[in-house]
file final-v5.txt (compact mmCIF, C-alpha atoms)
# COMPACT_ATOMS: atom_id res chain seq x y z
CA MET A 1 -160.32 -143.58 -64.67
CA ILE A 2 -156.63 -143.66 -65.56
CA GLU A 3 -154.40 -141.72 -63.20
CA LEU A 4 -151.01 -140.77 -64.65
CA GLU A 5 -149.86 -137.95 -62.39
CA GLY A 6 -146.49 -139.68 -61.91
CA VAL A 7 -145.55 -139.46 -65.59
CA PRO A 8 -144.31 -136.16 -67.05
CA GLU A 9 -145.45 -134.78 -70.39
CA LEU A 10 -143.95 -136.90 -73.14
CA ILE A 11 -142.06 -135.89 -76.28
CA ASP A 12 -143.31 -137.39 -79.57
CA PRO A 13 -144.16 -140.68 -77.83
CA VAL A 14 -144.38 -143.99 -79.68
CA MET A 15 -145.89 -147.03 -77.96
CA VAL A 16 -144.05 -150.34 -78.55
CA ALA A 17 -145.87 -153.47 -77.39
CA ALA A 18 -145.28 -157.24 -77.33
CA PHE A 19 -147.13 -160.11 -75.70
CA GLU A 20 -145.96 -163.56 -74.71
CA GLY A 21 -147.94 -166.47 -76.11
CA TRP A 22 -149.36 -167.38 -79.50
CA ASN A 23 -147.86 -164.40 -81.35
CA ASP A 24 -144.37 -164.72 -79.83
CA ALA A 25 -142.53 -167.61 -81.49
CA GLY A 26 -139.13 -168.15 -79.88
CA ASP A 27 -140.01 -165.36 -77.41
CA ALA A 28 -138.51 -163.04 -80.02
CA ALA A 29 -141.01 -160.18 -79.70
CA SER A 30 -141.33 -160.06 -75.91
CA THR A 31 -137.54 -160.31 -75.60
CA ALA A 32 -137.18 -157.31 -77.94
CA VAL A 33 -139.34 -155.10 -75.71
CA ALA A 34 -137.57 -156.43 -72.60
CA HIS A 35 -134.27 -155.45 -74.25
CA LEU A 36 -135.48 -151.89 -74.84
CA ASP A 37 -136.70 -151.64 -71.26
CA ARG A 38 -133.38 -152.91 -69.90
CA GLU A 39 -131.08 -150.86 -72.13
CA TRP A 40 -132.96 -147.61 -71.56
CA LYS A 41 -133.70 -148.32 -67.89
CA GLY A 42 -137.45 -148.01 -68.08
CA GLU A 43 -139.49 -147.84 -64.91
CA VAL A 44 -142.96 -149.31 -64.64
CA PHE A 45 -145.67 -146.69 -64.14
CA ALA A 46 -148.78 -148.86 -64.58
CA ALA A 47 -149.94 -152.48 -64.55
CA LEU A 48 -153.27 -153.89 -65.63
CA ASP A 49 -155.30 -155.77 -63.03
CA ALA A 50 -154.44 -159.44 -63.51
CA GLU A 51 -157.84 -160.54 -62.14
CA ASP A 52 -159.59 -158.95 -65.12
CA TYR A 53 -157.75 -160.64 -67.95
CA TYR A 54 -155.91 -163.82 -66.97
CA ASP A 55 -156.87 -167.41 -66.20
CA PHE A 56 -154.41 -168.31 -63.46
CA GLN A 57 -154.67 -172.01 -64.33
CA VAL A 58 -153.27 -171.13 -67.75
CA ASN A 59 -150.81 -168.42 -66.70
CA ARG A 60 -149.91 -169.29 -63.13
CA PRO A 61 -148.49 -166.78 -60.63
CA THR A 62 -145.00 -167.43 -59.27
CA VAL A 63 -143.80 -167.42 -55.67
CA TRP A 64 -140.33 -166.12 -54.77
CA LEU A 65 -138.29 -165.11 -51.74
CA ASP A 66 -137.24 -161.53 -51.05
CA GLY A 67 -134.95 -161.43 -48.03
CA GLY A 68 -136.70 -164.43 -46.53
CA VAL A 69 -140.18 -163.01 -47.22
CA ARG A 70 -142.32 -164.95 -49.67
CA LYS A 71 -143.88 -162.83 -52.41
CA ILE A 72 -146.12 -163.52 -55.39
CA THR A 73 -145.74 -162.18 -58.92
CA TRP A 74 -149.00 -162.21 -60.83
CA PRO A 75 -149.13 -162.56 -64.62
CA THR A 76 -150.12 -159.22 -66.10
CA THR A 77 -149.24 -156.49 -68.59
CA ARG A 78 -147.03 -153.60 -67.48
CA LEU A 79 -146.27 -150.21 -69.02
CA SER A 80 -143.06 -148.23 -68.66
CA VAL A 81 -141.68 -145.00 -70.14
CA VAL A 82 -138.15 -144.26 -71.35
CA ARG A 83 -136.68 -141.11 -72.85
CA ILE A 84 -134.04 -141.43 -75.55
CA GLY A 85 -131.54 -138.59 -75.39
CA GLY A 86 -129.87 -136.93 -78.35
CA GLU A 87 -130.29 -133.89 -80.54
CA LYS A 88 -133.99 -134.69 -80.86
CA PRO A 89 -135.06 -136.57 -77.72
CA ARG A 90 -138.26 -138.55 -77.77
CA ASP A 91 -140.10 -140.98 -75.53
CA LEU A 92 -141.13 -144.61 -75.86
CA VAL A 93 -144.02 -146.16 -73.97
CA LEU A 94 -143.17 -149.85 -73.59
CA VAL A 95 -145.97 -152.39 -73.13
CA ARG A 96 -144.89 -155.88 -72.17
CA GLY A 97 -147.18 -158.62 -71.00
CA ILE A 98 -148.93 -161.90 -71.69
CA GLU A 99 -151.70 -162.47 -74.19
CA PRO A 100 -154.86 -162.17 -72.07
CA SER A 101 -157.12 -165.16 -71.48
CA MET A 102 -160.36 -163.16 -71.60
CA ARG A 103 -162.00 -159.75 -72.15
CA TRP A 104 -159.81 -158.78 -75.08
CA ARG A 105 -161.89 -155.74 -76.01
CA SER A 106 -161.65 -154.31 -72.51
CA PHE A 107 -157.93 -155.12 -72.49
CA CYS A 108 -157.36 -153.16 -75.71
CA ASN A 109 -159.51 -150.29 -74.47
CA GLU A 110 -157.28 -149.99 -71.39
CA ILE A 111 -154.14 -149.91 -73.53
CA LEU A 112 -155.71 -147.31 -75.80
CA GLY A 113 -156.75 -145.28 -72.76
CA PHE A 114 -153.11 -145.03 -71.73
CA ALA A 115 -152.09 -144.19 -75.30
CA HIS A 116 -154.64 -141.35 -75.44
CA GLU A 117 -153.70 -139.92 -72.04
CA LEU A 118 -149.99 -139.98 -72.92
CA GLY A 119 -150.44 -138.45 -76.38
CA VAL A 120 -149.03 -141.46 -78.20
CA GLU A 121 -148.52 -140.71 -81.88
CA MET A 122 -148.15 -144.27 -83.15
CA VAL A 123 -148.45 -147.82 -81.79
CA VAL A 124 -145.99 -150.49 -82.96
CA VAL A 125 -146.82 -154.07 -82.00
CA LEU A 126 -144.10 -156.70 -82.33
CA GLY A 127 -144.82 -160.33 -83.16
CA ALA A 128 -143.02 -163.50 -84.21
CA LEU A 129 -144.30 -166.50 -86.13
CA LEU A 130 -143.11 -169.94 -87.19
CA GLY A 131 -142.30 -170.17 -90.88
CA ASP A 132 -140.47 -172.05 -93.61
CA THR A 133 -137.36 -169.93 -93.36
CA PRO A 134 -133.76 -171.19 -93.02
CA HIS A 135 -131.84 -170.22 -89.90
CA THR A 136 -128.76 -169.50 -92.05
CA ARG A 137 -130.31 -166.51 -93.83
CA PRO A 138 -131.35 -163.07 -92.53
CA VAL A 139 -134.60 -163.20 -90.58
CA PRO A 140 -137.52 -161.94 -92.69
CA VAL A 141 -139.36 -159.10 -90.94
CA SER A 142 -142.56 -157.73 -92.44
CA GLY A 143 -144.29 -154.49 -91.50
CA VAL A 144 -148.06 -154.36 -91.96
CA THR A 145 -150.85 -151.91 -91.21
CA SER A 146 -154.59 -151.55 -91.73
CA ASP A 147 -154.16 -147.88 -92.63
CA PRO A 148 -153.77 -147.36 -96.42
CA ASP A 149 -152.18 -143.92 -95.95
CA LEU A 150 -149.69 -145.26 -93.41
CA ALA A 151 -148.88 -148.17 -95.71
CA ARG A 152 -148.08 -145.76 -98.51
CA THR A 153 -146.08 -143.17 -96.56
CA MET A 154 -144.04 -145.63 -94.48
CA ASP A 155 -143.50 -148.31 -97.15
CA LEU A 156 -145.56 -150.93 -95.32
CA GLU A 157 -147.84 -153.69 -96.51
CA GLU A 158 -151.59 -153.18 -96.22
CA THR A 159 -152.96 -156.25 -94.52
CA ARG A 160 -155.53 -158.43 -96.24
CA TYR A 161 -155.40 -161.45 -93.95
CA GLU A 162 -158.59 -163.33 -93.07
CA GLY A 163 -158.61 -166.01 -90.38
CA PRO A 164 -157.88 -166.63 -86.70
CA THR A 165 -155.96 -163.89 -84.94
CA GLY A 166 -154.25 -163.16 -81.63
CA ILE A 167 -154.05 -160.14 -79.37
CA VAL A 168 -151.59 -158.50 -81.77
CA GLY A 169 -154.23 -158.41 -84.50
CA ILE A 170 -156.99 -157.33 -82.12
CA LEU A 171 -154.92 -154.46 -80.69
CA GLN A 172 -153.91 -153.22 -84.12
CA GLU A 173 -157.51 -153.17 -85.31
CA ALA A 174 -158.60 -151.43 -82.09
CA CYS A 175 -156.01 -148.73 -82.74
CA THR A 176 -157.19 -148.33 -86.32
CA HIS A 177 -160.82 -147.90 -85.26
CA ALA A 178 -159.73 -145.40 -82.58
CA GLY A 179 -157.82 -143.32 -85.13
CA VAL A 180 -154.39 -144.17 -83.72
CA PRO A 181 -151.77 -145.06 -86.37
CA ALA A 182 -150.70 -148.66 -85.77
CA VAL A 183 -148.09 -150.95 -87.30
CA SER A 184 -147.22 -154.60 -86.66
CA LEU A 185 -143.71 -155.93 -87.24
CA TRP A 186 -143.45 -159.70 -87.71
CA ALA A 187 -140.29 -161.82 -87.59
CA ALA A 188 -140.31 -165.32 -89.10
CA VAL A 189 -138.74 -167.99 -86.85
CA PRO A 190 -137.61 -171.33 -88.39
CA HIS A 191 -140.26 -173.86 -87.39
CA TYR A 192 -137.66 -176.62 -87.02
CA VAL A 193 -135.85 -174.69 -84.27
CA SER A 194 -138.71 -172.99 -82.49
CA GLN A 195 -137.72 -173.16 -78.83
CA PRO A 196 -136.72 -169.87 -77.18
CA PRO A 197 -134.63 -167.92 -77.05
CA ASN A 198 -134.03 -166.78 -80.60
CA PRO A 199 -131.70 -163.77 -80.38
CA LYS A 200 -131.36 -163.61 -84.17
CA ALA A 201 -135.09 -162.95 -84.58
CA THR A 202 -135.06 -160.48 -81.69
CA LEU A 203 -132.18 -158.61 -83.33
CA ALA A 204 -134.03 -158.50 -86.65
CA LEU A 205 -137.12 -157.01 -85.00
CA LEU A 206 -135.08 -154.32 -83.28
CA ASN A 207 -133.32 -153.42 -86.53
CA ARG A 208 -136.66 -153.06 -88.30
CA LEU A 209 -138.08 -151.02 -85.42
CA GLU A 210 -135.02 -148.78 -85.60
CA ASP A 211 -135.70 -148.11 -89.28
CA LEU A 212 -139.39 -147.49 -88.65
CA ILE A 213 -139.15 -144.92 -85.85
CA GLY A 214 -135.78 -143.40 -86.77
CA LEU A 215 -133.96 -144.15 -83.51
CA ARG A 216 -130.62 -145.81 -82.91
CA ILE A 217 -131.22 -148.74 -80.57
CA PRO A 218 -128.38 -150.02 -78.36
CA LEU A 219 -127.95 -153.70 -79.20
CA GLY A 220 -125.62 -154.74 -76.39
CA GLU A 221 -124.66 -158.42 -76.70
CA LEU A 222 -127.48 -159.32 -79.08
CA PRO A 223 -125.31 -159.51 -82.25
CA GLU A 224 -122.87 -161.86 -80.51
CA ASP A 225 -125.74 -163.93 -79.08
CA ALA A 226 -127.29 -164.19 -82.56
CA ARG A 227 -124.04 -165.47 -84.06
CA ALA A 228 -123.64 -168.01 -81.26
CA TRP A 229 -127.25 -169.15 -81.74
CA GLN A 230 -126.72 -169.71 -85.46
CA LEU A 231 -123.50 -171.65 -84.89
CA GLY A 232 -125.27 -173.83 -82.35
CA VAL A 233 -128.12 -174.59 -84.74
CA ASP A 234 -125.59 -175.26 -87.52
CA GLN A 235 -123.96 -177.93 -85.37
CA LEU A 236 -127.27 -179.53 -84.42
CA ALA A 237 -128.48 -179.57 -88.02
CA ALA A 238 -125.21 -181.08 -89.25
CA GLU A 239 -125.77 -184.06 -86.98
CA ASP A 240 -128.98 -185.02 -88.82
CA SER A 241 -128.66 -185.54 -92.57
CA GLU A 242 -132.40 -185.15 -93.17
CA VAL A 243 -132.50 -181.82 -91.35
CA ALA A 244 -129.37 -180.65 -93.18
CA GLU A 245 -130.96 -181.53 -96.52
CA TYR A 246 -134.18 -179.75 -95.57
CA VAL A 247 -132.27 -176.61 -94.57
CA GLN A 248 -130.47 -176.65 -97.91
CA THR A 249 -133.83 -176.85 -99.70
CA LEU A 250 -135.09 -173.83 -97.75
CA GLU A 251 -131.89 -171.92 -98.55
CA GLU A 252 -132.26 -172.56 -102.28
CA ALA A 253 -135.90 -171.48 -102.27
CA ARG A 254 -135.11 -168.36 -100.27
CA ASP A 255 -132.17 -167.36 -102.46
CA THR A 256 -134.17 -167.88 -105.64
CA ALA A 257 -137.06 -165.80 -104.35
CA GLU A 258 -134.87 -162.93 -103.17
CA LEU A 259 -132.45 -162.75 -106.09
CA PRO A 260 -134.34 -159.99 -107.94
CA GLU A 261 -134.52 -157.94 -104.73
CA ALA A 262 -130.83 -158.15 -103.81
CA SER A 263 -130.29 -154.52 -104.75
CA GLY A 264 -131.34 -150.96 -104.14
CA GLU A 265 -133.62 -150.50 -101.18
CA ALA A 266 -132.34 -153.31 -98.91
CA ILE A 267 -128.71 -152.31 -99.45
CA ALA A 268 -129.48 -148.62 -98.87
CA ARG A 269 -131.34 -149.43 -95.64
CA GLU A 270 -128.38 -151.42 -94.28
CA PHE A 271 -125.97 -148.62 -95.23
CA GLU A 272 -128.11 -145.99 -93.49
CA ARG A 273 -128.21 -148.11 -90.35
CA TYR A 274 -124.42 -148.43 -90.47
CA LEU A 275 -124.02 -144.66 -90.72
CA ARG A 276 -126.40 -144.05 -87.80
CA ARG A 277 -124.41 -146.35 -85.56
CA ARG A 278 -121.08 -144.89 -86.70
CA ASP A 279 -122.04 -141.25 -86.12
CA PRO A 280 -123.85 -140.76 -82.78
CA GLY A 281 -125.75 -137.54 -82.39
CA PRO A 282 -125.15 -134.94 -79.65
CA GLY A 283 -126.01 -136.13 -76.17
CA GLN A 284 -126.00 -139.78 -77.19
CA ALA A 285 -123.31 -142.38 -76.68
CA PRO A 286 -122.16 -144.49 -79.66
CA GLY A 287 -124.22 -147.40 -78.34
CA GLY A 288 -127.37 -145.31 -78.39
CA HIS A 289 -127.93 -145.14 -74.62
CA ALA A 290 -129.71 -142.18 -73.12
CA THR A 291 -127.20 -139.92 -71.42
CA GLU A 292 -127.06 -139.13 -67.74
CA SER A 293 -127.29 -135.39 -68.31
CA GLY A 294 -130.36 -133.58 -69.53
CA GLU A 295 -133.12 -135.93 -70.56
CA GLY A 296 -132.05 -139.26 -69.06
CA PRO A 297 -134.32 -142.12 -68.08
CA TYR A 298 -137.06 -140.90 -65.78
CA LEU A 299 -140.39 -141.71 -64.34
CA ARG A 300 -141.44 -139.68 -61.34
CA ASP A 301 -142.64 -136.12 -61.54
CA PRO A 302 -143.16 -134.24 -58.27
CA SER A 303 -146.11 -132.35 -59.68
CA SER A 304 -149.57 -133.86 -59.50
CA GLY A 305 -153.07 -133.04 -60.55
CA ARG A 306 -151.88 -131.74 -63.93
CA THR A 307 -154.39 -131.98 -66.73
CA ARG A 308 -153.11 -133.89 -69.73
CA PRO A 309 -152.86 -131.90 -72.96
CA PRO A 310 -155.09 -133.03 -75.82
CA LYS A 311 -153.64 -135.55 -78.21
CA PRO A 312 -151.44 -133.73 -80.75
CA PRO A 313 -152.28 -133.83 -84.44
CA LYS A 314 -150.77 -136.68 -86.42
CA PRO A 315 -147.35 -135.79 -87.82
CA GLU A 316 -146.59 -136.38 -91.45
CA ALA A 317 -145.06 -139.88 -91.44
CA THR A 318 -141.91 -140.54 -93.40
CA ALA A 319 -140.46 -143.75 -94.72
CA GLY A 320 -138.05 -144.33 -92.96
CA PRO A 321 -131.00 -172.20 -79.75
CA GLY A 322 -133.30 -174.58 -79.05
CA PRO A 323 -132.90 -178.15 -80.27
CA VAL A 324 -133.75 -178.93 -83.83
CA GLY A 325 -137.32 -180.09 -84.11
CA GLY A 326 -138.31 -178.60 -80.74
CA SER A 327 -141.54 -176.80 -80.08
CA GLY A 328 -141.78 -173.35 -78.60
CA SER A 329 -144.35 -170.85 -77.50
CA GLY A 330 -145.06 -169.61 -81.00
CA PRO A 331 -148.05 -170.66 -83.07
CA VAL A 332 -148.12 -174.12 -84.61
CA THR A 333 -147.46 -174.21 -88.32
CA GLY A 334 -149.83 -175.87 -90.68
CA SER A 335 -153.08 -174.79 -89.05
CA GLY A 336 -154.84 -171.73 -87.76
CA GLU A 337 -152.76 -168.61 -87.45
CA GLY A 338 -149.46 -170.46 -87.35
CA SER A 339 -149.38 -170.76 -91.09
CA GLY A 340 -152.45 -168.82 -92.14
CA PRO A 341 -154.26 -168.75 -95.45
CA ALA A 342 -152.30 -167.87 -98.54
CA ASP A 343 -154.41 -164.93 -99.60
CA GLY A 344 -153.46 -162.19 -97.21
CA THR A 345 -152.94 -161.09 -93.65
CA ASP A 346 -154.98 -160.11 -90.66
CA GLY A 347 -154.76 -156.88 -88.73
CA SER A 348 -151.23 -157.65 -87.62
CA GLY A 349 -149.68 -160.28 -89.85
CA PRO A 350 -147.85 -159.89 -93.14
CA PRO A 351 -148.83 -161.75 -96.31
CA GLN A 352 -148.96 -165.51 -96.10
CA ASP A 353 -146.81 -167.83 -98.16
CA SER A 354 -148.49 -168.43 -101.47
CA SER A 355 -145.92 -170.74 -103.07
CA ASP A 356 -143.12 -173.11 -102.22
CA ASP A 357 -140.67 -170.70 -103.80
CA SER A 358 -141.17 -167.90 -101.30
CA PRO A 359 -140.95 -169.28 -97.77
CA ASP A 360 -139.76 -166.00 -96.36
CA ASP A 361 -143.05 -164.35 -97.26
CA THR A 362 -144.92 -166.67 -94.87
CA SER A 363 -146.38 -164.62 -92.08
CA GLU A 364 -149.11 -164.79 -89.56
CA ASP A 365 -150.90 -162.98 -87.01

call {"tool": "encode", "arguments": {"input": "final-v5.txt", "output": "structure tokens"}}
result
Amino acid sequence: MIELEGVPELIDPVMVAAFEGWNDAGDAASTAVAHLDREWKGEVFAALDAEDYYDFQVNRPTVWLDGGVRKITWPTTRLSVVRIGGEKPRDLVLVRGIEPSMRWRSFCNEILGFAHELGVEMVVVLGALLGDTPHTRPVPVSGVTSDPDLARTMDLEETRYEGPTGIVGILQEACTHAGVPAVSLWAAVPHYVSQPPNPKATLALLNRLEDLIGLRIPLGELPEDARAWQLGVDQLAAEDSEVAEYVQTLEEARDTAELPEASGEAIAREFERYLRRRDPGPGQAPGGHATESGEGPYLRDPSSGRTRPPKPPKPEATAGPGPVGGSGSGPVTGSGEGSGPADGTDGSGPPQDSSDDSPDDTSED
């Protein structure tokens, strides 16, 4: 039984989730959710029981000192709620954790139980993969769904992947079978510079999420961090002629593949994002932070024992530096889900690379 008496009734809630591990190359996805939680001052209202889902020899607990008292932090998945102020305030339910070691179906059922009790309208799962993409170009981010109607109305790709998957794919399929609209956003991280952090990939995920849910996200120092990361990788690559030549090859392939698309929709999307950031709405600061007055960040509600309202009907959706050669926490390219088959995607990953001319289309689960 899920008890949520401490959380008030939510406004048009969207659940945004990310999990450390196989589906989190460069820690890009988990860092994106951590950024949202930090910028909007989310407070944890629930945590899954670590004993049920984690092998502590794989994900070990940590010991730390709090005023001279030793405490233990157990690996788990936590949920928090934030309210974004503005002319049309809405809530985000943030799910941040570690890919579970066992009982994935029960894990997803718990997440879906929270989504149902909170009236979540859509679930967005963030992921990051290793791919043949140059660090000097914009990070490719693909949005995929198993729902044909959602794919059509929100300009997403309908997944056709077959092969090994991670918790991102399992959660998306669980949402689909439960009738909850679900989308996965995937950022491609250069496989030759895979160690975390990768602020450029994190920034790309947040920009795509902003377009998807129609909210202005405060970016803080992420743009500056992304520029510094790219400069650092530039310097490291320049020191190795073979790496520099390889990067140039990736750049040429990427530019050739994207040349026909360098118009229209991509340019319009960037211009709309620029206008949103330039013209903050009422009750919202230019950076997009929730305001102190009215509907600021919150968690506790003095009332208790309130019965949750039934889940609202679905709204009509609208389109809306690690060292070179290092290895990170993302999936390994060339086998399994790290590179994936070339004929489609799984429940969470965008289409796989089907030719040497389109490295930016490489995606995974």

call {"tool": "atom_distance", "arguments": {"input": "final-v5.txt", "atom1": "CA of Arg216 in chain A", "atom2": "CA of Glu39 in chain A"}}
result
11.9 Å

call {"tool": "atom_distance", "arguments": {"input": "final-v5.txt", "atom1": "CA of Tyr53 in chain A", "atom2": "CA of Gln172 in chain A"}}
result
18.2 Å

call {"tool": "atom_distance", "arguments": {"input": "final-v5.txt", "atom1": "CA of Phe107 in chain A", "atom2": "CA of Glu51 in chain A"}}
result
11.7 Å

call {"tool": "closest_residue", "arguments": {"input": "final-v5.txt", "among": "A:Val124, A:Arg160, A:Pro196, A:Leu209", "to": "Ala182 in chain A", "atoms": "all atoms listed in the file"}}
result
A:Val124

call {"tool": "closest_residue", "arguments": {"input": "final-v5.txt", "among": "A:Leu171, A:Ala151, A:Leu10, A:Ala25", "to": "Trp186 in chain A", "atoms": "all atoms listed in the file"}}
result
A:Ala25

call {"tool": "build_atoms", "arguments": {"input": "final-v5.txt", "residues": "range 36-45 of chain A", "atoms": "all heavy atoms", "output": "CSV table (one decimal), keeping the file's coordinate frame"}}
result
chain,number,residue,atom,x,y,z
A,36,LEU,N,-135.3,-153.3,-74.9
A,36,LEU,CA,-135.5,-151.9,-74.8
A,36,LEU,C,-135.6,-151.4,-73.4
A,36,LEU,O,-135.0,-150.4,-73.0
A,36,LEU,CB,-136.7,-151.5,-75.7
A,36,LEU,CG,-136.7,-151.8,-77.2
A,36,LEU,CD1,-138.0,-151.4,-77.8
A,36,LEU,CD2,-135.5,-151.0,-77.9
A,37,ASP,N,-136.5,-152.1,-72.6
A,37,ASP,CA,-136.7,-151.6,-71.3
A,37,ASP,C,-135.4,-151.7,-70.4
A,37,ASP,O,-135.1,-150.8,-69.6
A,37,ASP,CB,-137.8,-152.5,-70.7
A,37,ASP,CG,-138.3,-152.0,-69.3
A,37,ASP,OD1,-139.0,-151.0,-69.4
A,37,ASP,OD2,-138.0,-152.6,-68.3
A,38,ARG,N,-134.6,-152.7,-70.7
A,38,ARG,CA,-133.4,-152.9,-69.9
A,38,ARG,C,-132.3,-151.9,-70.3
A,38,ARG,O,-131.7,-151.3,-69.5
A,38,ARG,CB,-132.9,-154.3,-70.1
A,38,ARG,CG,-131.6,-154.7,-69.3
A,38,ARG,CD,-131.2,-156.1,-69.5
A,38,ARG,NE,-131.0,-156.5,-70.9
A,38,ARG,CZ,-131.8,-157.3,-71.5
A,38,ARG,NH1,-133.0,-157.7,-71.0
A,38,ARG,NH2,-131.6,-157.6,-72.8
A,39,GLU,N,-132.1,-151.7,-71.6
A,39,GLU,CA,-131.1,-150.9,-72.1
A,39,GLU,C,-131.4,-149.4,-71.8
A,39,GLU,O,-130.4,-148.6,-71.5
A,39,GLU,CB,-130.9,-151.0,-73.6
A,39,GLU,CG,-130.3,-152.4,-74.1
A,39,GLU,CD,-128.9,-152.6,-73.6
A,39,GLU,OE1,-128.1,-151.6,-73.6
A,39,GLU,OE2,-128.5,-153.7,-73.3
A,40,TRP,N,-132.6,-149.0,-71.8
A,40,TRP,CA,-133.0,-147.6,-71.6
A,40,TRP,C,-133.5,-147.4,-70.2
A,40,TRP,O,-134.1,-146.3,-69.8
A,40,TRP,CB,-133.9,-147.1,-72.6
A,40,TRP,CG,-133.2,-146.7,-73.9
A,40,TRP,CD1,-132.0,-146.0,-74.0
A,40,TRP,CD2,-133.6,-146.9,-75.2
A,40,TRP,NE1,-131.7,-145.8,-75.3
A,40,TRP,CE2,-132.7,-146.3,-76.1
A,40,TRP,CE3,-134.7,-147.5,-75.8
A,40,TRP,CZ2,-132.8,-146.4,-77.5
A,40,TRP,CZ3,-134.9,-147.6,-77.2
A,40,TRP,CH2,-133.9,-147.0,-78.0
A,41,LYS,N,-133.4,-148.4,-69.3
A,41,LYS,CA,-133.7,-148.3,-67.9
A,41,LYS,C,-135.1,-147.8,-67.7
A,41,LYS,O,-135.3,-146.8,-66.9
A,41,LYS,CB,-132.7,-147.5,-67.2
A,41,LYS,CG,-131.2,-148.0,-67.3
A,41,LYS,CD,-130.2,-147.1,-66.6
A,41,LYS,CE,-128.8,-147.7,-66.6
A,41,LYS,NZ,-128.3,-147.9,-68.0
A,42,GLY,N,-136.1,-148.4,-68.3
A,42,GLY,CA,-137.4,-148.0,-68.1
A,42,GLY,C,-137.9,-148.4,-66.7
A,42,GLY,O,-137.5,-149.3,-66.1
A,43,GLU,N,-138.9,-147.6,-66.2
A,43,GLU,CA,-139.5,-147.8,-64.9
A,43,GLU,C,-141.0,-148.0,-65.1
A,43,GLU,O,-141.6,-147.2,-65.8
A,43,GLU,CB,-139.2,-146.7,-63.9
A,43,GLU,CG,-137.8,-146.5,-63.5
A,43,GLU,CD,-137.6,-145.4,-62.5
A,43,GLU,OE1,-138.3,-145.5,-61.5
A,43,GLU,OE2,-136.7,-144.5,-62.7
A,44,VAL,N,-141.5,-149.0,-64.5
A,44,VAL,CA,-143.0,-149.3,-64.6
A,44,VAL,C,-143.8,-148.2,-64.0
A,44,VAL,O,-143.5,-147.8,-62.9
A,44,VAL,CB,-143.3,-150.7,-64.0
A,44,VAL,CG1,-144.8,-150.9,-64.0
A,44,VAL,CG2,-142.6,-151.8,-64.8
A,45,PHE,N,-144.8,-147.7,-64.7
A,45,PHE,CA,-145.7,-146.7,-64.1
A,45,PHE,C,-147.1,-147.2,-64.0
A,45,PHE,O,-147.9,-146.6,-63.4
A,45,PHE,CB,-145.6,-145.4,-64.9
A,45,PHE,CG,-146.3,-145.5,-66.3
A,45,PHE,CD1,-147.6,-145.3,-66.5
A,45,PHE,CD2,-145.5,-145.7,-67.4
A,45,PHE,CE1,-148.2,-145.4,-67.7
A,45,PHE,CE2,-146.1,-145.8,-68.7
A,45,PHE,CZ,-147.4,-145.6,-68.8
